[in-house]
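Asks: My structure file run-v5.csv, CSV, C-alpha atoms and all ligand atoms, is below:
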chain,number,residue,atom,x,y,z
A,259,MET,CA,128.5,80.7,78.6
A,260,SER,CA,125.5,82.8,78.9
A,261,ASN,CA,122.8,81.3,81.2
A,262,LEU,CA,119.2,82.4,80.7
A,263,PRO,CA,116.8,82.5,83.6
A,264,LYS,CA,113.7,80.4,83.4
A,265,ALA,CA,111.3,82.7,85.2
A,266,VAL,CA,110.9,86.3,86.2
A,267,ILE,CA,108.7,87.1,89.2
A,268,PHE,CA,107.4,90.7,89.4
A,269,ASP,CA,106.3,92.5,92.4
A,270,LEU,CA,103.2,94.6,91.6
A,271,ASP,CA,102.9,97.8,93.7
A,272,GLY,CA,105.8,100.1,92.7
A,273,VAL,CA,107.1,97.8,90.0
A,274,ILE,CA,104.4,97.2,87.4
A,275,THR,CA,102.3,100.3,88.4
A,276,ASP,CA,102.6,103.1,90.9
A,277,THR,CA,100.0,101.8,93.4
A,278,ALA,CA,102.8,102.0,96.0
A,279,GLU,CA,101.9,105.7,96.1
A,280,PHE,CA,98.2,104.9,96.7
A,281,HIS,CA,99.1,102.6,99.6
A,282,PHE,CA,101.1,105.5,101.0
A,283,LEU,CA,98.2,108.0,100.6
A,284,ALA,CA,95.7,105.6,102.2
A,285,TRP,CA,98.0,104.9,105.2
A,286,LYS,CA,98.6,108.6,105.5
A,287,GLN,CA,94.9,109.3,105.7
A,288,LEU,CA,94.3,106.6,108.3
A,289,GLY,CA,97.3,107.9,110.2
A,290,GLU,CA,95.7,111.4,110.3
A,291,GLU,CA,92.5,109.8,111.7
A,292,LEU,CA,94.7,108.2,114.5
A,293,GLY,CA,96.9,111.3,115.1
A,294,ILE,CA,100.0,109.5,113.7
A,295,GLU,CA,102.2,111.1,111.0
A,296,VAL,CA,103.0,108.6,108.2
A,297,ASP,CA,105.9,110.2,106.4
A,298,ARG,CA,107.9,108.8,103.4
A,299,GLU,CA,110.6,107.5,105.7
A,300,LEU,CA,108.2,105.4,107.7
A,301,ASN,CA,106.5,104.4,104.4
A,302,GLU,CA,109.8,102.8,103.2
A,303,GLN,CA,109.4,100.3,106.0
A,304,LEU,CA,105.8,99.5,104.9
A,305,LYS,CA,106.5,98.7,101.3
A,306,GLY,CA,106.0,95.0,100.5
A,307,VAL,CA,104.7,94.4,104.0
A,308,SER,CA,101.2,92.9,104.6
A,309,ARG,CA,98.2,95.2,105.5
A,310,LEU,CA,98.0,94.2,109.2
A,311,GLN,CA,101.8,94.2,109.7
A,312,SER,CA,101.9,97.7,108.1
A,313,LEU,CA,99.3,98.9,110.6
A,314,GLU,CA,101.2,97.5,113.5
A,315,ARG,CA,104.4,99.3,112.3
A,316,ILE,CA,102.5,102.6,112.0
A,317,ILE,CA,101.0,102.2,115.5
A,318,ALA,CA,104.4,101.2,116.9
A,319,SER,CA,106.0,104.4,115.4
A,320,SER,CA,103.9,106.5,117.8
A,321,PRO,CA,104.5,106.4,121.6
A,322,LYS,CA,101.1,107.6,122.7
A,323,GLN,CA,98.8,104.9,121.1
A,324,PRO,CA,96.5,102.8,123.3
A,325,VAL,CA,96.7,99.0,123.2
A,326,ARG,CA,94.2,97.7,120.7
A,327,THR,CA,92.4,94.4,120.3
A,328,ILE,CA,92.8,92.4,117.2
A,329,ASP,CA,89.2,93.3,116.3
A,330,GLU,CA,90.1,97.0,116.5
A,331,LEU,CA,93.2,96.5,114.4
A,332,GLU,CA,91.2,94.6,111.8
A,333,ARG,CA,88.7,97.4,111.7
A,334,LEU,CA,91.4,100.0,111.1
A,335,ALA,CA,93.1,97.8,108.5
A,336,ALA,CA,89.7,97.5,106.7
A,337,LYS,CA,89.3,101.3,106.8
A,338,LYS,CA,92.7,101.8,105.2
A,339,ASN,CA,91.6,99.3,102.5
A,340,THR,CA,88.5,101.3,101.9
A,341,HIS,CA,90.6,104.4,101.2
A,342,TYR,CA,92.9,102.3,99.0
A,343,THR,CA,90.3,100.6,97.0
A,344,TRP,CA,88.7,104.0,96.3
A,345,LEU,CA,92.0,105.2,94.9
A,346,ILE,CA,92.6,102.2,92.6
A,347,GLN,CA,89.2,102.4,90.9
A,348,SER,CA,90.6,104.6,88.2
A,349,VAL,CA,93.7,102.5,87.4
A,350,SER,CA,94.0,101.8,83.7
A,351,PRO,CA,96.5,100.4,81.2
A,352,ASN,CA,97.9,104.0,81.0
A,353,ASP,CA,99.2,103.5,84.5
A,354,ILE,CA,101.6,100.7,83.6
A,355,LEU,CA,105.0,102.1,84.6
A,356,PRO,CA,107.4,103.0,81.7
A,357,GLY,CA,109.5,100.1,80.4
A,358,ILE,CA,107.4,97.4,82.0
A,359,ASP,CA,105.2,96.6,78.9
A,360,THR,CA,108.3,96.2,76.7
A,361,LEU,CA,110.1,94.1,79.3
A,362,ILE,CA,107.1,91.7,79.7
A,363,LYS,CA,106.8,91.3,75.9
A,364,GLU,CA,110.5,90.7,75.4
A,365,LEU,CA,110.7,88.2,78.3
A,366,ARG,CA,107.7,86.3,76.8
A,367,ALA,CA,109.3,86.3,73.4
A,368,ALA,CA,112.5,84.8,75.0
A,369,ASN,CA,110.3,82.0,76.4
A,370,ILE,CA,110.8,83.0,80.0
A,371,LYS,CA,107.9,82.3,82.4
A,372,LEU,CA,106.3,85.2,84.2
A,373,ALA,CA,104.7,85.5,87.6
A,374,VAL,CA,103.4,88.2,89.9
A,375,GLY,CA,104.5,87.9,93.5
A,376,SER,CA,102.6,90.6,95.5
A,377,ALA,CA,101.7,90.8,99.1
A,378,SER,CA,98.5,92.6,98.1
A,379,LYS,CA,95.1,91.0,98.3
A,380,ASN,CA,94.0,93.7,95.8
A,381,ALA,CA,96.6,92.5,93.2
A,382,PRO,CA,94.1,90.5,91.0
A,383,PHE,CA,91.9,93.6,90.8
A,384,VAL,CA,94.8,95.9,89.9
A,385,LEU,CA,96.1,93.5,87.2
A,386,GLU,CA,92.6,93.4,85.7
A,387,ARG,CA,92.4,97.2,85.6
A,388,LEU,CA,95.8,97.2,83.9
A,389,GLU,CA,94.6,94.5,81.5
A,390,LEU,CA,97.7,92.5,82.4
A,391,THR,CA,96.1,89.4,84.0
A,392,GLY,CA,96.7,87.2,80.9
A,393,ALA,CA,100.3,88.3,80.6
A,394,PHE,CA,101.4,86.1,83.5
A,395,ASP,CA,101.7,82.4,83.9
A,396,TYR,CA,100.9,82.6,87.6
A,397,ILE,CA,99.7,85.2,90.1
A,398,VAL,CA,100.6,84.5,93.7
A,399,ASP,CA,97.5,84.6,95.9
A,400,ALA,CA,98.5,86.7,98.9
A,401,SER,CA,95.8,85.1,101.1
A,402,ASN,CA,97.5,81.7,100.7
A,403,ILE,CA,100.9,82.9,101.8
A,404,ARG,CA,101.6,82.1,105.5
A,405,HIS,CA,104.8,84.2,105.8
A,406,GLY,CA,104.9,87.5,104.0
A,407,LYS,CA,108.0,89.4,102.8
A,408,PRO,CA,110.8,89.5,103.9
A,409,ASP,CA,110.1,85.7,104.2
A,410,PRO,CA,110.9,84.1,100.8
A,411,GLU,CA,107.6,82.2,100.6
A,412,THR,CA,105.9,84.6,98.1
A,413,PHE,CA,108.8,84.0,95.6
A,414,THR,CA,109.3,80.3,96.3
A,415,ASP,CA,105.5,79.7,95.9
A,416,ALA,CA,105.7,81.2,92.3
A,417,ALA,CA,108.8,79.2,91.4
A,418,ASP,CA,107.3,76.0,92.8
A,419,TYR,CA,104.1,76.5,90.8
A,420,LEU,CA,106.1,77.1,87.6
A,421,LYS,CA,108.4,74.2,88.4
A,422,VAL,CA,111.5,76.3,88.1
A,423,PRO,CA,114.6,76.0,90.4
A,424,TYR,CA,115.1,79.1,92.6
A,425,LYS,CA,118.5,79.8,91.1
A,426,ALA,CA,116.9,80.1,87.7
A,427,CYS,CA,114.5,82.9,88.8
A,428,ILE,CA,114.8,86.6,88.8
A,429,GLY,CA,112.7,88.7,91.2
A,430,ILE,CA,112.0,92.4,90.6
A,431,GLU,CA,111.1,94.5,93.6
A,432,ASP,CA,110.9,98.1,94.8
A,433,SER,CA,110.9,97.3,98.6
A,434,ALA,CA,113.7,96.4,101.0
A,435,ALA,CA,111.4,93.6,102.4
A,436,GLY,CA,110.9,92.2,98.9
A,437,ILE,CA,114.6,92.3,98.0
A,438,GLU,CA,115.4,90.4,101.2
A,439,ALA,CA,112.7,87.8,100.3
A,440,ILE,CA,114.2,87.3,96.9
A,441,LYS,CA,117.7,86.9,98.3
A,442,ARG,CA,116.5,84.5,101.0
A,443,ALA,CA,114.9,82.4,98.2
A,444,GLY,CA,118.3,82.1,96.5
A,445,MET,CA,117.2,84.1,93.4
A,446,PHE,CA,118.7,87.0,91.5
A,447,ALA,CA,117.3,90.3,92.8
A,448,VAL,CA,116.5,93.3,90.6
A,449,GLY,CA,115.8,96.4,92.6
A,450,ILE,CA,113.9,99.5,91.5
A,451,GLY,CA,114.7,102.5,93.7
A,452,ALA,CA,117.4,104.0,95.9
A,453,ALA,CA,120.6,102.1,96.9
A,454,GLU,CA,120.1,103.2,100.5
A,455,SER,CA,117.1,101.0,101.0
A,456,LEU,CA,117.8,98.3,98.3
A,457,HIS,CA,121.5,97.7,99.0
A,458,GLN,CA,120.9,93.9,98.9
A,459,ALA,CA,119.8,93.9,95.2
A,460,ASP,CA,122.1,92.2,92.7
A,461,TYR,CA,121.2,94.7,90.1
A,462,LEU,CA,119.7,98.1,90.7
A,463,VAL,CA,117.9,100.7,88.6
A,464,ARG,CA,116.6,104.0,89.8
A,465,VAL,CA,113.3,103.9,87.8
A,466,THR,CA,111.5,101.3,85.6
A,467,ASP,CA,112.4,103.3,82.4
A,468,ASN,CA,116.0,102.0,83.0
A,469,LEU,CA,115.0,98.3,82.9
A,470,ARG,CA,116.5,96.7,79.8
A,471,MET,CA,116.0,93.0,79.2
A,472,SER,CA,119.5,92.5,77.7
A,473,THR,CA,121.3,94.2,80.6
A,474,ILE,CA,119.3,92.3,83.2
A,475,LEU,CA,120.0,88.9,81.5
A,476,GLU,CA,123.7,89.7,81.2
A,477,ALA,CA,123.9,90.6,84.9
A,478,TYR,CA,121.9,87.4,85.8
A,479,SER,CA,124.2,85.3,83.6
A,480,GLN,CA,127.3,86.6,85.4
A,481,TRP,CA,125.7,86.0,88.8
A,482,SER,CA,124.6,82.5,87.9
A,483,ASN,CA,128.1,81.7,86.7
A,484,GLY,CA,129.3,82.7,90.1
A,485,ALA,CA,131.1,85.9,88.8
B,1,LIG,C1,102.2,95.3,99.0
B,1,LIG,C2,102.4,96.7,99.3
B,1,LIG,O1,102.4,95.0,97.7
B,1,LIG,O2,100.9,94.9,99.5
B,1,LIG,C3,102.1,97.1,100.7
B,1,LIG,O3,103.8,97.1,99.0
B,1,LIG,C4,100.7,96.6,101.1
B,1,LIG,O4,102.2,98.5,100.9
B,1,LIG,C5,100.6,95.1,100.8
B,1,LIG,O5,100.5,96.9,102.5
B,1,LIG,C6,99.3,94.5,101.2
B,1,LIG,O6,98.3,95.1,100.3
B,1,LIG,P1,96.7,95.0,100.5
B,1,LIG,O7,96.2,95.5,99.2
B,1,LIG,O8,96.4,93.5,100.6
B,1,LIG,O9,96.4,95.8,101.6
B,2,MG,MG,106.3,96.9,95.8
Could you quickly redo this structure as structure tokens?
Ligand code: BG6
Ligand code: MG
Replies:
Amino acid sequence: MSNLPKAVIFDLDGVITDTAEFHFLAWKQLGEELGIEVDRELNEQLKGVSRLQSLERIIASSPKQPVRTIDELERLAAKKNTHYTWLIQSVSPNDILPGIDTLIKELRAANIKLAVGSASKNAPFVLERLELTGAFDYIVDASNIRHGKPDPETFTDAADYLKVPYKACIGIEDSAAGIEAIKRAGMFAVGIGAAESLHQADYLVRVTDNLRMSTILEAYSQWSNGA
């Protein structure tokens, strides 16, 4: 028998739109100011991770950095956010990644609840710019989440709000931390990206163009039947 999920929880950055690239560029710029190289390999470990934790990882990647107070770290994190918010000012509906609009519409038509589970405090602004705020039943407020990804709280918060059992949820993520969070929540994980970093995903596509509702639902159904 084919089981339908009751909710789909989307990550934002790198799933709905390519703001993951803007986070990378903003960290790279801050890194240059600190004399630390932020390359794409290091960036993979920053995806899905909160602002302050990302900064700590960047600093830890470089042996010659002085010890900084929490005030200094917060000032640096705020500086990165200034770079980032400058980059997202021009985001528009044209920046919704290919396949996402169709997927959202088809899931809605199938009566499946939709949420956004992002670690970003800028998520509400980005969703406004994309004109997608109204497309979701719930948007997780990152500032209310005590334990960020890879902790499952972001995803369980959405499922709890929607009153949907975790096993009836699908999470869609582009980050290793996010896929781990979905799996720890006991949900079905759809990964977007490379198998090397997203090996825990239950179903993986290289890019969002390859997302098809029918294929995702089929894979979910097999998983939920214990196949
Ligand atoms: C996640 C991004 O969605 O949000 C991370 O993948 C980012 O790269 C995190 O650090 C926090 O975002 P913000 O906008 O609150 O700094
Ligand atoms: Mg992401």
Asks: Counting only C-alpha atoms and all ligand atoms, what residues are within 7 Å of ligand LIG 1 (chain B), given as a list in words?
Replies: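 With only C-alpha atoms and all ligand atoms and a cut-off of 7 Å, ligand LIG 1 (chain B) is contacted by Leu270, Asp271, Ala278, His281, Leu304, Lys305, Gly306, Val307, Ser308, Arg309, Ser312, Asn339, Ser376, Ala377, Ser378, Lys379, Asn380 and Ala381 of chain A.
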Asks: Quick check, in Å to one decimal: how far apart do CA of Leu388 in chain A and CA of Asn402 in chain A lie?
Replies: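 These two atoms are separated by 22.9 Å.
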Asks: Would you mind listing what lies within 10 Å of Lys337 in chain A as a list in words, with only C-alpha atoms counted and same-chain residues fewer than 3 positions away left out?
Replies: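 Near Lys337 in chain A, the qualifying residues are Ala284, Trp285, Gln287, Leu288, Leu331, Glu332, Arg333, Leu334, Thr340, His341, Tyr342 and Thr343 of chain A.
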Asks: Between A:Leu390, A:Ile358, A:Val325, A:Ser320, which one has atoms that come closest to Arg470 in chain A, using only C-alpha atoms?
Replies: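 Distance minimum relative to Arg470 in chain A lands on A:Ile358.
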Asks: Just give me the residues with any atom within 12 Å of (110.1, 82.0, 77.0), file coordinates, counting only C-alpha atoms, written as a PyMOL selection string.
Replies: chain A and resi 262-266+362-372+394-395
Asks: Output C-alpha atoms for every residue in the selection just made, as a tab-separated table (two decimals), in the coordinates of the input.
Replies:
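Written file, selection01.tsv:
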chain	number	residue	atom	x	y	z
A	262	LEU	CA	119.20	82.40	80.70
A	263	PRO	CA	116.80	82.50	83.60
A	264	LYS	CA	113.70	80.40	83.40
A	265	ALA	CA	111.30	82.70	85.20
A	266	VAL	CA	110.90	86.30	86.20
A	362	ILE	CA	107.10	91.70	79.70
A	363	LYS	CA	106.80	91.30	75.90
A	364	GLU	CA	110.50	90.70	75.40
A	365	LEU	CA	110.70	88.20	78.30
A	366	ARG	CA	107.70	86.30	76.80
A	367	ALA	CA	109.30	86.30	73.40
A	368	ALA	CA	112.50	84.80	75.00
A	369	ASN	CA	110.30	82.00	76.40
A	370	ILE	CA	110.80	83.00	80.00
A	371	LYS	CA	107.90	82.30	82.40
A	372	LEU	CA	106.30	85.20	84.20
A	394	PHE	CA	101.40	86.10	83.50
A	395	ASP	CA	101.70	82.40	83.90
Asks: So which residues touch Ala459 in chain A within 8 Å, counting all atoms listed in the file, skipping near sequence neighbours fewer than 6 positions away, as a list of chain:residue names?
Replies: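 Close residues of Ala459 in chain A: A:Ile437, A:Lys441, A:Phe446, A:Ala447, A:Val448, A:Gly449.
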Asks: List the spatial neighbours of Leu355 in chain A as a ChimeraX atom specification - criterion: any atom at most 12 Å away, all atoms listed in the file, same-chain residues fewer than 5 positions off excluded.
Replies: /A:270-278,349-350,360-362,388,450,465-469
Asks: Rounded to one decimal place, report the CA of Ser319 in chain A-CA of Gly375 in chain A distance in Å.
Replies: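 Separation between CA of Ser319 in chain A and CA of Gly375 in chain A: 27.5 Å.
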Asks: For Phe268 in chain A, list every protein, DNA or RNA residue within 6 Å, evaluated using only C-alpha atoms, and leave out those in the same chain fewer than 2 positions away; present the list as a ChimeraX atom specification.
Replies: /A:374-375,429-430
Asks: Output C-alpha atoms of each residue in that selection to a file, as a PDB file, keeping the file's coordinate frame.
Replies:
ATOM      1  CA  VAL A 374     103.400  88.200  89.900  1.00  0.00           C
ATOM      2  CA  GLY A 375     104.500  87.900  93.500  1.00  0.00           C
ATOM      3  CA  GLY A 429     112.700  88.700  91.200  1.00  0.00           C
ATOM      4  CA  ILE A 430     112.000  92.400  90.600  1.00  0.00           C
TER       5      ILE A 430
END
Asks: Rounded to one decimal, what separation in Å do you get between CA of Gln311 in chain A and CA of Leu345 in chain A?
Replies: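 It comes out at 20.9 Å.
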Asks: May I ask which of the residues A:Gly484, A:Gly289, A:Pro408, A:Gly444 is the closest one to ligand MG 2 (chain B), counting only C-alpha atoms and all ligand atoms?
Replies: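 So, comparing all the options, the nearest one is A:Pro408.
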Asks: Could you give me the axis-aligned bounding box of range 299-317 of chain A, with 8 Å of padding per side, as centre plus edge lengths in Å to one decimal, as AutoDock Vina command-line options?
Replies:
--center_x 104.3 --center_y 100.2 --center_z 108.0 --size_x 28.6 --size_y 30.6 --size_z 31.0
Asks: Point out the residue among A:Glu454, A:Leu385, A:Gly436, A:Pro410 with the least atom-to-atom distance to ligand MG 2 (chain B), counting all atoms listed in the file.
Replies: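 Ranking A:Glu454, A:Leu385, A:Gly436, A:Pro410 by distance to ligand MG 2 (chain B), first place goes to A:Gly436.
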Asks: Nearest residue to ligand MG 2 (chain B) out of A:Ile440, A:Ala435, A:Met445, A:Ile403, using all atoms listed in the file?
Replies: A:Ala435
Asks: Go through A:Arg326, A:Ile397, A:Ile316, A:Gln303 one by one, measure the shortest atom-to-atom distance of each to ligand MG 2 (chain B) using all atoms listed in the file, and give the residue with the smallest value.
Replies: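 Using all atoms listed in the file, ligand MG 2 (chain B) sits closest to A:Gln303.
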Asks: Could you pull the residues within 9 Å of Ala439 in chain A, counting only C-alpha atoms, minus those fewer than 5 positions along the same chain, as a compact mmCIF listing (two decimals) with C-alpha atoms, in the coordinates of the input?
Replies:
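New file around-v1.txt:
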# COMPACT_ATOMS: atom_id res chain seq x y z
CA GLY A 406 104.90 87.50 104.00
CA LYS A 407 108.00 89.40 102.80
CA PRO A 408 110.80 89.50 103.90
CA ASP A 409 110.10 85.70 104.20
CA PRO A 410 110.90 84.10 100.80
CA GLU A 411 107.60 82.20 100.60
CA THR A 412 105.90 84.60 98.10
CA PHE A 413 108.80 84.00 95.60
CA ALA A 434 113.70 96.40 101.00
CA GLY A 444 118.30 82.10 96.50
Asks: Ranking A:Pro382, A:Pro356, A:Gly293, A:Pro321 by minimum distance to Tyr396 in chain A and counting all atoms listed in the file, which one comes first?
Replies: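 That would be A:Pro382, the residue with the smallest distance to Tyr396 in chain A.
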